[in-house]
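S.K.: I'm passing along work33.txt; it holds compact mmCIF, C-alpha atoms.
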```
# COMPACT_ATOMS: atom_id res chain seq x y z
CA MET A 1308 107.23 193.99 102.61
CA VAL A 1309 104.55 191.46 103.64
CA CYS A 1310 104.73 192.78 107.20
CA CYS A 1311 104.20 196.35 105.99
CA MET A 1312 101.23 195.33 103.85
CA ALA A 1313 99.62 193.47 106.76
CA GLU A 1314 100.13 196.44 109.07
CA PHE A 1315 98.57 198.82 106.56
CA LEU A 1316 95.55 196.56 106.01
CA GLN A 1317 95.00 196.20 109.74
CA ASN A 1318 94.94 199.98 110.08
CA MET A 1319 92.96 200.94 106.96
CA ARG A 1320 90.65 203.84 107.67
CA PRO A 1321 86.89 203.27 107.25
CA ALA A 1322 86.85 205.79 104.40
CA GLN A 1323 89.51 203.81 102.56
CA SER A 1324 87.63 200.53 103.02
CA ARG A 1325 84.42 202.08 101.75
CA LEU A 1326 86.13 203.58 98.69
CA VAL A 1327 87.54 200.20 97.66
CA LEU A 1328 84.11 198.62 98.16
CA GLU A 1329 82.28 201.30 96.15
CA VAL A 1330 84.76 201.14 93.27
CA ALA A 1331 84.41 197.34 93.16
CA THR A 1332 80.62 197.63 93.30
CA HIS A 1333 80.12 200.35 90.68
CA GLY A 1334 83.20 199.98 88.49
CA GLN A 1335 83.41 203.77 88.08
CA LEU A 1336 85.58 206.03 90.21
CA GLN A 1337 83.26 209.00 89.79
CA VAL A 1338 80.23 207.03 90.97
CA ALA A 1339 82.23 205.61 93.88
CA ALA A 1340 83.39 209.10 94.84
CA VAL A 1341 79.80 210.38 94.98
CA ALA A 1342 78.76 207.36 97.09
CA CYS A 1343 81.60 208.16 99.50
CA GLY A 1344 80.78 211.86 99.65
CA MET A 1345 84.04 213.08 98.13
CA THR A 1346 85.27 214.60 94.87
CA GLN A 1347 86.68 212.42 92.13
CA PRO A 1348 90.21 213.91 92.48
CA ALA A 1349 90.13 213.16 96.22
CA ALA A 1350 88.96 209.63 95.56
CA SER A 1351 91.66 209.15 92.95
CA ARG A 1352 94.34 210.34 95.39
CA MET A 1353 93.05 208.07 98.15
CA LEU A 1354 93.00 205.03 95.87
CA ALA A 1355 96.50 205.81 94.63
CA GLU A 1356 97.69 206.09 98.24
CA ILE A 1357 96.22 202.69 99.12
CA GLU A 1358 97.83 201.04 96.10
CA ALA A 1359 101.17 202.73 96.86
CA GLN A 1360 101.10 201.49 100.46
CA LEU A 1361 100.38 197.95 99.28
CA GLY A 1362 102.73 198.10 96.31
CA LEU A 1363 100.19 196.57 93.91
CA ARG A 1364 97.19 197.47 91.76
CA LEU A 1365 93.71 196.89 93.19
CA PHE A 1366 91.83 197.74 89.99
CA LEU A 1367 92.43 197.49 86.26
CA ARG A 1368 91.02 200.16 83.97
CA THR A 1369 89.16 198.46 81.11
CA PRO A 1370 86.68 199.67 78.47
CA LYS A 1371 83.93 198.35 80.75
CA GLY A 1372 85.18 200.30 83.76
CA MET A 1373 87.40 199.55 86.72
CA GLU A 1374 87.61 195.80 87.41
CA PRO A 1375 89.14 194.55 90.66
CA THR A 1376 92.28 192.47 90.62
CA PRO A 1377 92.21 189.37 92.86
CA GLU A 1378 93.77 191.50 95.61
CA GLY A 1379 91.18 194.24 95.09
CA ALA A 1380 88.32 191.73 95.17
CA LEU A 1381 89.64 190.28 98.44
CA ILE A 1382 89.84 193.69 100.10
CA ALA A 1383 86.39 194.66 98.79
CA HIS A 1384 84.92 191.42 100.17
CA HIS A 1385 86.14 192.19 103.68
CA ALA A 1386 85.43 195.90 103.31
CA ARG A 1387 81.75 195.06 102.84
CA ARG A 1388 81.59 193.66 106.36
CA ILE A 1389 83.55 196.60 107.78
CA VAL A 1390 81.23 199.13 106.13
CA HIS A 1391 78.19 197.14 107.30
CA ASP A 1392 79.41 197.08 110.90
CA HIS A 1393 80.11 200.84 110.90
CA ALA A 1394 76.64 201.51 109.50
CA LEU A 1395 75.17 199.24 112.16
CA MET A 1396 77.04 201.10 114.89
CA SER A 1397 75.77 204.43 113.61
CA ALA A 1398 72.19 203.16 113.32
CA GLU A 1399 72.21 201.77 116.86
CA PHE A 1400 73.47 205.06 118.27
CA ASP A 1401 70.67 206.87 116.40
CA GLU A 1402 68.16 204.39 117.81
CA MET A 1403 69.39 205.01 121.35
CA ALA A 1404 69.28 208.78 120.93
CA ALA A 1405 65.82 208.86 119.36
CA GLY A 1406 64.26 206.14 121.48
CA ARG A 1407 63.23 204.09 118.45
CA GLY A 1408 62.86 200.36 118.59
CA GLY A 1409 65.49 199.42 116.01
CA ALA A 1410 65.31 197.24 112.94
CA VAL A 1411 65.38 193.53 112.15
CA ARG A 1412 66.17 191.98 108.77
CA VAL A 1413 65.43 188.27 108.66
CA GLY A 1414 64.94 185.66 105.96
CA ALA A 1415 63.49 182.17 105.74
CA VAL A 1416 62.36 179.49 103.36
CA THR A 1417 58.58 179.30 103.14
CA GLY A 1418 57.72 176.68 105.77
CA PRO A 1419 59.78 178.13 108.64
CA ALA A 1420 58.69 181.64 107.63
CA LEU A 1421 55.09 180.70 108.41
CA GLY A 1422 55.70 178.22 111.21
CA GLN A 1423 58.42 180.06 113.14
CA LEU A 1424 58.94 183.63 112.01
CA VAL A 1425 55.32 184.79 111.87
CA PRO A 1426 54.51 183.82 115.49
CA ALA A 1427 57.84 185.24 116.70
CA ILE A 1428 57.26 188.54 114.86
CA ARG A 1429 53.78 188.83 116.39
CA TRP A 1430 55.36 188.28 119.81
CA LEU A 1431 58.04 190.91 119.16
CA LYS A 1432 55.68 193.56 117.78
CA ALA A 1433 53.31 193.10 120.74
CA ARG A 1434 56.17 194.11 123.05
CA ALA A 1435 57.92 196.68 120.87
CA PRO A 1436 55.55 198.01 118.17
CA GLN A 1437 58.10 200.50 116.78
CA ILE A 1438 60.62 197.84 115.78
CA ASP A 1439 60.91 197.77 111.99
CA VAL A 1440 60.85 194.15 110.84
CA SER A 1441 61.60 193.18 107.24
CA VAL A 1442 61.18 189.57 106.10
CA GLU A 1443 62.59 187.97 102.95
CA VAL A 1444 61.06 184.65 101.92
CA ALA A 1445 63.25 183.01 99.30
CA PRO A 1446 65.17 179.84 98.42
CA SER A 1447 68.12 178.97 100.63
CA GLY A 1448 70.71 180.00 98.04
CA VAL A 1449 69.31 183.54 97.87
CA LEU A 1450 69.13 183.83 101.66
CA VAL A 1451 72.69 182.61 102.21
CA GLN A 1452 73.99 185.16 99.70
CA ALA A 1453 72.06 187.89 101.53
CA LEU A 1454 73.62 186.78 104.81
CA GLU A 1455 77.09 186.95 103.26
CA ARG A 1456 76.42 190.49 102.01
CA GLY A 1457 75.22 191.60 105.44
CA ASP A 1458 71.65 192.19 104.20
CA LEU A 1459 70.10 189.85 106.79
CA ASP A 1460 70.63 189.49 110.53
CA PHE A 1461 69.82 185.77 110.48
CA ALA A 1462 67.99 183.24 108.35
CA LEU A 1463 66.13 179.95 108.58
CA ALA A 1464 67.49 178.05 105.61
CA ARG A 1465 69.70 175.24 104.36
CA LEU A 1466 73.31 175.58 103.28
CA PRO A 1467 73.52 175.03 99.51
CA PRO A 1468 76.25 172.75 98.13
CA ARG A 1469 79.73 174.23 97.78
CA VAL A 1470 79.06 177.00 100.31
CA ASP A 1471 81.79 177.38 102.95
CA ASP A 1472 80.05 176.58 106.23
CA ARG A 1473 82.94 178.15 108.16
CA ALA A 1474 81.53 181.59 107.33
CA PHE A 1475 78.40 180.92 109.41
CA GLU A 1476 77.25 180.07 112.90
CA LEU A 1477 74.94 177.08 112.50
CA GLU A 1478 72.24 175.70 114.76
CA PRO A 1479 70.16 172.68 113.73
CA ALA A 1480 66.43 173.29 113.61
CA ARG A 1481 63.97 170.67 112.36
CA ASP A 1482 62.64 168.67 109.42
CA GLU A 1483 59.82 169.95 107.24
CA ILE A 1484 56.84 167.70 106.58
CA VAL A 1485 55.60 167.68 102.98
CA ARG A 1486 51.86 167.55 102.30
CA LEU A 1487 49.91 167.31 99.05
CA MET A 1488 47.21 169.87 98.24
CA VAL A 1489 44.44 169.46 95.66
CA ARG A 1490 41.20 171.27 94.83
CA ASP A 1491 38.04 170.40 96.72
CA GLY A 1492 36.31 167.74 94.62
CA HIS A 1493 39.49 166.15 93.32
CA PRO A 1494 38.76 162.57 92.11
CA HIS A 1495 41.34 161.03 94.46
CA LEU A 1496 39.73 162.48 97.61
CA GLY A 1497 37.64 160.16 99.77
CA ARG A 1498 39.58 157.02 98.89
CA GLY A 1499 41.64 156.97 102.07
CA PRO A 1500 45.41 157.33 102.06
CA VAL A 1501 46.82 156.96 98.55
CA SER A 1502 50.28 155.96 97.38
CA VAL A 1503 52.50 158.05 95.14
CA ARG A 1504 52.14 155.28 92.56
CA ASP A 1505 48.41 156.13 92.36
CA LEU A 1506 49.31 159.73 91.52
CA HIS A 1507 52.02 159.15 88.93
CA GLY A 1508 49.88 159.93 85.90
CA LEU A 1509 48.35 163.12 87.32
CA PRO A 1510 49.53 166.65 86.52
CA TRP A 1511 51.86 168.07 89.17
CA ILE A 1512 52.85 171.61 90.18
CA LEU A 1513 56.40 171.45 91.51
CA GLN A 1514 59.17 173.80 92.57
CA ASP A 1515 62.43 174.11 90.63
CA HIS A 1516 64.73 171.12 90.16
CA GLY A 1517 67.07 170.75 93.13
CA THR A 1518 64.76 172.36 95.68
CA PRO A 1519 64.14 170.23 98.80
CA ILE A 1520 60.44 169.55 98.22
CA ARG A 1521 60.95 168.58 94.59
CA LEU A 1522 63.78 166.26 95.60
CA ALA A 1523 61.45 164.66 98.15
CA ILE A 1524 58.79 164.07 95.47
CA ASP A 1525 61.31 162.63 93.03
CA SER A 1526 62.69 160.37 95.73
CA ALA A 1527 59.20 159.11 96.65
CA PHE A 1528 58.56 158.05 93.05
CA HIS A 1529 62.00 156.49 92.77
CA ASP A 1530 61.27 154.45 95.89
CA GLU A 1531 58.34 152.95 93.95
CA GLY A 1532 60.55 152.17 90.97
CA LEU A 1533 59.00 154.99 88.94
CA ALA A 1534 60.47 157.93 87.09
CA SER A 1535 59.56 161.45 88.13
CA PRO A 1536 56.15 162.68 86.89
CA ALA A 1537 56.12 163.68 83.23
CA ASN A 1538 53.22 166.16 83.39
CA VAL A 1539 54.72 168.99 85.42
CA ILE A 1540 54.33 172.74 85.73
CA THR A 1541 57.24 174.36 87.58
CA ALA A 1542 56.14 177.24 89.82
CA SER A 1543 57.30 178.66 93.14
CA SER A 1544 54.71 181.44 93.61
CA LEU A 1545 51.91 180.40 95.95
CA LEU A 1546 49.45 182.63 94.08
CA VAL A 1547 50.29 180.90 90.79
CA ILE A 1548 49.97 177.48 92.41
CA VAL A 1549 46.55 178.39 93.82
CA ALA A 1550 45.35 179.65 90.45
CA LEU A 1551 46.51 176.47 88.71
CA LEU A 1552 44.98 174.14 91.30
CA ARG A 1553 41.51 175.70 91.24
CA GLU A 1554 40.45 174.40 87.83
CA THR A 1555 42.53 171.24 87.34
CA ASP A 1556 43.23 167.88 88.96
CA SER A 1557 46.83 168.89 89.62
CA VAL A 1558 48.68 167.94 92.79
CA ALA A 1559 50.89 170.49 94.57
CA PRO A 1560 53.30 169.48 97.34
CA MET A 1561 54.02 172.06 100.02
CA SER A 1562 55.19 172.30 103.58
CA GLN A 1563 52.88 171.53 106.48
CA GLU A 1564 52.90 175.20 107.53
CA VAL A 1565 51.73 176.42 104.13
CA MET A 1566 49.05 173.72 104.04
CA ASP A 1567 47.75 174.81 107.46
CA LEU A 1568 47.54 178.42 106.29
CA MET A 1569 45.58 177.45 103.17
CA LEU A 1570 43.11 175.06 104.81
CA ASP A 1571 42.44 176.56 108.24
CA PRO A 1572 39.96 179.41 108.87
CA PRO A 1573 39.77 182.23 108.03
CA VAL A 1574 41.50 181.43 104.72
CA SER A 1575 39.86 178.05 103.92
CA ALA A 1576 40.49 178.57 100.24
CA GLY A 1577 38.50 175.67 98.78
CA PHE A 1578 41.35 173.18 98.79
CA ARG A 1579 41.91 169.88 100.55
CA ARG A 1580 44.80 167.81 101.76
CA LEU A 1581 45.34 164.57 99.86
CA GLU A 1582 46.35 161.93 102.38
CA LEU A 1583 49.41 159.83 101.54
CA ASN A 1584 50.11 156.36 102.91
CA ARG A 1585 53.61 157.45 103.89
CA LEU A 1586 55.29 160.33 105.68
CA MET A 1587 57.30 162.59 103.42
CA THR A 1588 59.92 164.98 104.82
CA VAL A 1589 62.77 167.12 103.54
CA GLU A 1590 66.21 167.68 105.02
CA PRO A 1591 66.30 169.84 108.17
CA TYR A 1592 66.74 173.57 107.88
CA MET A 1593 69.06 175.51 110.18
CA ILE A 1594 69.30 178.82 111.98
CA LEU A 1595 72.12 180.66 110.21
CA ARG A 1596 74.10 183.73 111.25
CA ALA A 1597 77.16 185.27 109.65
CA LYS A 1598 80.16 184.48 111.80
CA GLY A 1599 81.79 187.41 113.57
CA ARG A 1600 78.90 189.82 112.99
CA THR A 1601 76.99 191.26 115.94
CA MET A 1602 73.21 191.47 115.62
CA PRO A 1603 71.29 194.58 116.71
CA ARG A 1604 69.37 194.25 119.96
CA ALA A 1605 66.01 193.99 118.20
CA ALA A 1606 67.27 191.22 115.93
CA GLY A 1607 68.70 189.42 118.94
CA MET A 1608 65.28 189.47 120.63
CA LEU A 1609 63.64 187.90 117.58
CA PHE A 1610 66.47 185.40 117.17
CA ASP A 1611 66.16 184.24 120.79
CA ARG A 1612 62.39 183.85 120.44
CA VAL A 1613 62.69 181.78 117.26
CA ARG A 1614 65.39 179.59 118.75
CA ALA A 1615 63.39 178.99 121.94
CA SER A 1616 60.32 178.06 119.90
CA ILE A 1617 62.27 175.57 117.78
CA ARG A 1618 63.84 173.98 120.85
CA GLN A 1619 60.45 173.34 122.45
CA PHE A 1620 59.82 170.49 120.00
```
Hey, can you dump this file as structure tokens for me?

M.R.:
Amino acid sequence: MVCCMAEFLQNMRPAQSRLVLEVATHGQLQVAAVACGMTQPAASRMLAEIEAQLGLRLFLRTPKGMEPTPEGALIAHHARRIVHDHALMSAEFDEMAAGRGGAVRVGAVTGPALGQLVPAIRWLKARAPQIDVSVEVAPSGVLVQALERGDLDFALARLPPRVDDRAFELEPARDEIVRLMVRDGHPHLGRGPVSVRDLHGLPWILQDHGTPIRLAIDSAFHDEGLASPANVITASSLLVIVALLRETDSVAPMSQEVMDLMLDPPVSAGFRRLELNRLMTVEPYMILRAKGRTMPRAAGMLFDRVRASIRQF
């Protein structure tokens, strides 16, 4: 029986894989049927055939809709990659036939997005203007989930705790340097390098608990025998941080790349870097790809450029 089940799964048709995925995604057979371009009776027959071949139920009908059994969830998980790869194959054939440049979907945490992705994208678009590049800047947890779903070709991020690293191809990249930004005219400017102890009583604008930069700030205070700052606003949006810094004596830590963007022409947004008497870094980020998934040619070009740039340093 196990042999027969394995043989059937190895030879599942793409339409069968997509139906299982759509039912698991939407929880409604009718909606899944429309997504698959078939009638509901046809979808019902196909699902019944799959369950009969496996000799088990893939979905339970509940008042909330069709919920996958553990076996159904497992098949849907792998079906997502199968459907993604078939869509990728179709898209690449269309690109070849139409002479288009292709598409790239890439993600990064903020520092590498500015320091690595932006220059690499400029390089790519200068050589192939028709390539469609989409960039997602988000925390590592969001990016890793997007990689798992097949929504990104690669990402510059860190692996969150309790994520199975065996699902990814990993390449080490580099540390991020943390800088402190304040408004021009801040009372602590002009005193030379300051210590974190000098800044303990000031208001701070920090990212969420558990994010790398916030952990670095907390660790710096702990090294001085101090608790984390008490006067804190938690914000991750750069626009919000800028608005808060303009009129207060707050301190905002950010990556070196973001600091350079804010302080160098033509932006020069009326802020200054507050010099610390110590170097502050966060754990290295990595170049991440989903294991066993082939990138489109355009994504491969951008990936190679980013990797070469990182390896120069």

S.K.: Hey, which bits of stretch 1478-1568 of chain A sit within 12 Å of stretch 1464-1472 of chain A, and for each residue what's the closest pair of atoms and how far apart in Å (one decimal), counting all atoms listed in the file, rows by chain and increasing number, as CSV?

M.R.:
```
residue,atom,partner,partner_atom,distance
A:Glu1478,CA,A:Ala1464,CA,10.6
A:Pro1479,CA,A:Arg1465,CA,9.7
A:Ala1480,CA,A:Ala1464,CA,9.4
A:Arg1481,CA,A:Ala1464,CA,10.6
A:Asp1482,CA,A:Arg1465,CA,10.9
A:Glu1483,CA,A:Ala1464,CA,11.3
A:Gly1517,CA,A:Pro1467,CA,10.0
A:Thr1518,CA,A:Pro1467,CA,9.9
A:Pro1519,CA,A:Arg1465,CA,9.3
```

S.K.: One number please: atom CA of A:Gly1418 to atom CA of A:Ala1576, in Å, one decimal.

M.R.: 18.2 Å

S.K.: Give me the stretch 1386-1444 of chain A side of the contact with stretch 1556-1565 of chain A, cut-off 9 Å, one line per residue showing its nearest atom pair and distance in Å at one decimal, counting only C-alpha atoms, sorted by chain and residue number, as CSV.

M.R.:
```
residue,atom,partner,partner_atom,distance
A:Thr1417,CA,A:Val1565,CA,7.5
A:Gly1418,CA,A:Glu1564,CA,5.3
A:Pro1419,CA,A:Glu1564,CA,7.6
A:Ala1420,CA,A:Glu1564,CA,8.7
A:Leu1421,CA,A:Glu1564,CA,6.0
A:Gly1422,CA,A:Glu1564,CA,5.5
```

S.K.: One decimal, Å: what's the distance from atom CA of A:Leu1326 over to atom CA of A:Ala1339, could you say?

M.R.: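 Calculated distance between atom CA of A:Leu1326 and atom CA of A:Ala1339 is 6.5 Å.
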
S.K.: What is the atom CA of A:Ser1351-atom CA of A:Thr1332 distance in Å, reported with one decimal?

M.R.: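 Going from atom CA of A:Ser1351 over to atom CA of A:Thr1332 covers 16.0 Å.
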
S.K.: Using all atoms listed in the file, pick whichever of A:Asp1439, A:Glu1356, A:Glu1531, A:Asp1460 has the shortest atom-to-atom distance to A:Leu1506.

M.R.: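 Ranked by minimum distance to A:Leu1506, first place goes to A:Glu1531.
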
S.K.: Identify, on the basis of all atoms listed in the file, every residue whose closest approach to A:Asp1491 does not exceed 9 Å; exclude the query and any residue fewer than 5 positions from it along the same chain; express the result as a list in words.

M.R.: Leu1496, Arg1553, Gly1577, Phe1578, Arg1579 and Arg1580 of chain A

S.K.: Find, counting all atoms listed in the file, the residue in A:Leu1316, A:Phe1400, A:Gly1414, A:Pro1591 that gets nearest to A:Gly1448.

M.R.: A:Gly1414

S.K.: Counting all atoms listed in the file, which of A:Gln1437, A:Gln1423, A:Gln1347, A:Asn1318 gets nearest to A:Arg1618?

M.R.: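 Closest candidate: A:Gln1423.
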
S.K.: Taking all atoms listed in the file into account, which of A:Arg1486, A:Pro1494, A:Met1566, A:Pro1603 comes nearest A:Thr1588?

M.R.: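 Between A:Arg1486, A:Pro1494, A:Met1566, A:Pro1603, the residue approaching A:Thr1588 most closely is A:Arg1486.
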
S.K.: Starting from the point (88.8, 202.4, 88.1), work out which residues of protein, DNA or RNA have an atom no more than 6 Å away when counting all atoms listed in the file; state them as a PyMOL selection string.

M.R.: chain A and resi 1335-1336+1366+1368+1373

S.K.: Nearest to A:Glu1476 among A:Met1593, A:Leu1328, A:Leu1513, A:Met1345, with distances taken over only C-alpha atoms: which residue is it?

M.R.: A:Met1593

S.K.: Using all atoms listed in the file, find the one residue out of A:Pro1510, A:Val1489, A:Thr1346, A:Val1327 that sits nearest to A:Thr1376.

M.R.: A:Val1327

S.K.: Using all atoms listed in the file, determine which residues lie at most 8 Å from A:Ile1548, disregarding the query and same-chain residues fewer than 5 positions distant; provide the list as a CSV table (one decimal) with C-alpha atoms, keeping the file's coordinate frame.

M.R.:
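Once written, part-v6.csv looks like this:
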```csv
chain,number,residue,atom,x,y,z
A,1512,ILE,CA,52.8,171.6,90.2
A,1542,ALA,CA,56.1,177.2,89.8
A,1543,SER,CA,57.3,178.7,93.1
A,1559,ALA,CA,50.9,170.5,94.6
```

S.K.: Tell me, as a list in words, which residues lie within 9 Å of A:Gln1360, counting all atoms listed in the file; anything in the same chain fewer than 3 positions away does not count.

M.R.: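 Non-adjacent residues within range: Cys1311, Met1312, Phe1315, Ala1355, Glu1356, Ile1357 and Leu1363 of chain A.
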
S.K.: How would stretch 1387-1471 of chain A look written as a compact mmCIF listing (two decimals), in the first residue's frame with C-alpha atoms?

M.R.:
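In the end it all went to part-v8.txt:
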```txt
# COMPACT_ATOMS: atom_id res chain seq x y z
CA ARG A 1387 3.09 25.02 -3.86
CA ARG A 1388 6.63 24.52 -5.13
CA ILE A 1389 5.45 22.36 -8.03
CA VAL A 1390 2.89 24.97 -9.11
CA HIS A 1391 5.50 27.73 -8.73
CA ASP A 1392 8.01 25.87 -10.90
CA HIS A 1393 5.42 25.21 -13.64
CA ALA A 1394 4.44 28.89 -13.62
CA LEU A 1395 8.11 29.83 -13.83
CA MET A 1396 8.63 27.51 -16.79
CA SER A 1397 5.65 29.02 -18.59
CA ALA A 1398 6.79 32.58 -17.86
CA GLU A 1399 10.32 31.90 -19.13
CA PHE A 1400 8.99 30.44 -22.37
CA ASP A 1401 6.81 33.54 -22.81
CA GLU A 1402 9.85 35.73 -22.16
CA MET A 1403 11.87 33.88 -24.81
CA ALA A 1404 9.08 34.11 -27.37
CA ALA A 1405 8.36 37.79 -26.79
CA GLY A 1406 11.95 38.92 -26.32
CA ARG A 1407 11.22 40.46 -22.93
CA GLY A 1408 13.85 40.77 -20.26
CA GLY A 1409 12.20 38.65 -17.58
CA ALA A 1410 11.41 39.36 -13.96
CA VAL A 1411 13.28 39.40 -10.65
CA ARG A 1412 11.71 39.22 -7.20
CA VAL A 1413 14.19 39.95 -4.44
CA GLY A 1414 14.00 40.90 -0.78
CA ALA A 1415 16.36 42.33 1.82
CA VAL A 1416 16.54 43.85 5.25
CA THR A 1417 17.05 47.61 5.10
CA GLY A 1418 20.84 47.95 5.25
CA PRO A 1419 21.69 45.41 2.53
CA ALA A 1420 18.78 46.70 0.44
CA LEU A 1421 20.49 50.09 0.22
CA GLY A 1422 24.10 48.96 0.31
CA GLN A 1423 23.93 45.95 -2.01
CA LEU A 1424 20.65 45.67 -3.89
CA VAL A 1425 20.29 49.26 -5.08
CA PRO A 1426 23.72 49.40 -6.81
CA ALA A 1427 23.19 45.92 -8.28
CA ILE A 1428 19.74 46.85 -9.62
CA ARG A 1429 21.16 50.00 -11.23
CA TRP A 1430 23.82 47.82 -12.87
CA LEU A 1431 21.22 45.32 -14.11
CA LYS A 1432 18.78 47.92 -15.47
CA ALA A 1433 21.60 49.70 -17.32
CA ARG A 1434 22.22 46.48 -19.26
CA ALA A 1435 18.66 45.18 -19.56
CA PRO A 1436 16.13 48.01 -19.07
CA GLN A 1437 13.10 45.78 -19.73
CA ILE A 1438 13.77 43.47 -16.80
CA ASP A 1439 10.99 43.87 -14.24
CA VAL A 1440 12.55 44.11 -10.78
CA SER A 1441 10.44 44.01 -7.63
CA VAL A 1442 12.05 44.60 -4.22
CA GLU A 1443 10.59 43.77 -0.81
CA VAL A 1444 12.25 45.44 2.18
CA ALA A 1445 11.10 43.74 5.36
CA PRO A 1446 12.28 41.99 8.53
CA SER A 1447 14.06 38.68 8.08
CA GLY A 1448 11.11 36.62 9.29
CA VAL A 1449 8.84 38.06 6.59
CA LEU A 1450 11.46 37.54 3.88
CA VAL A 1451 12.16 33.93 4.84
CA GLN A 1452 8.44 33.13 4.72
CA ALA A 1453 8.25 34.73 1.26
CA LEU A 1454 11.18 32.58 0.13
CA GLU A 1455 9.43 29.45 1.41
CA ARG A 1456 6.26 30.37 -0.51
CA GLY A 1457 8.22 30.94 -3.71
CA ASP A 1458 7.43 34.68 -3.75
CA LEU A 1459 11.11 35.71 -3.87
CA ASP A 1460 14.01 34.50 -5.97
CA PHE A 1461 16.56 35.28 -3.25
CA ALA A 1462 16.93 37.44 -0.17
CA LEU A 1463 19.54 39.20 1.93
CA ALA A 1464 18.42 38.38 5.45
CA ARG A 1465 19.06 36.42 8.62
CA LEU A 1466 17.52 33.07 9.48
CA PRO A 1467 15.08 33.54 12.38
CA PRO A 1468 15.19 31.09 15.30
CA ARG A 1469 13.45 27.74 14.82
CA VAL A 1470 13.58 27.96 11.01
CA ASP A 1471 14.87 24.80 9.32
```
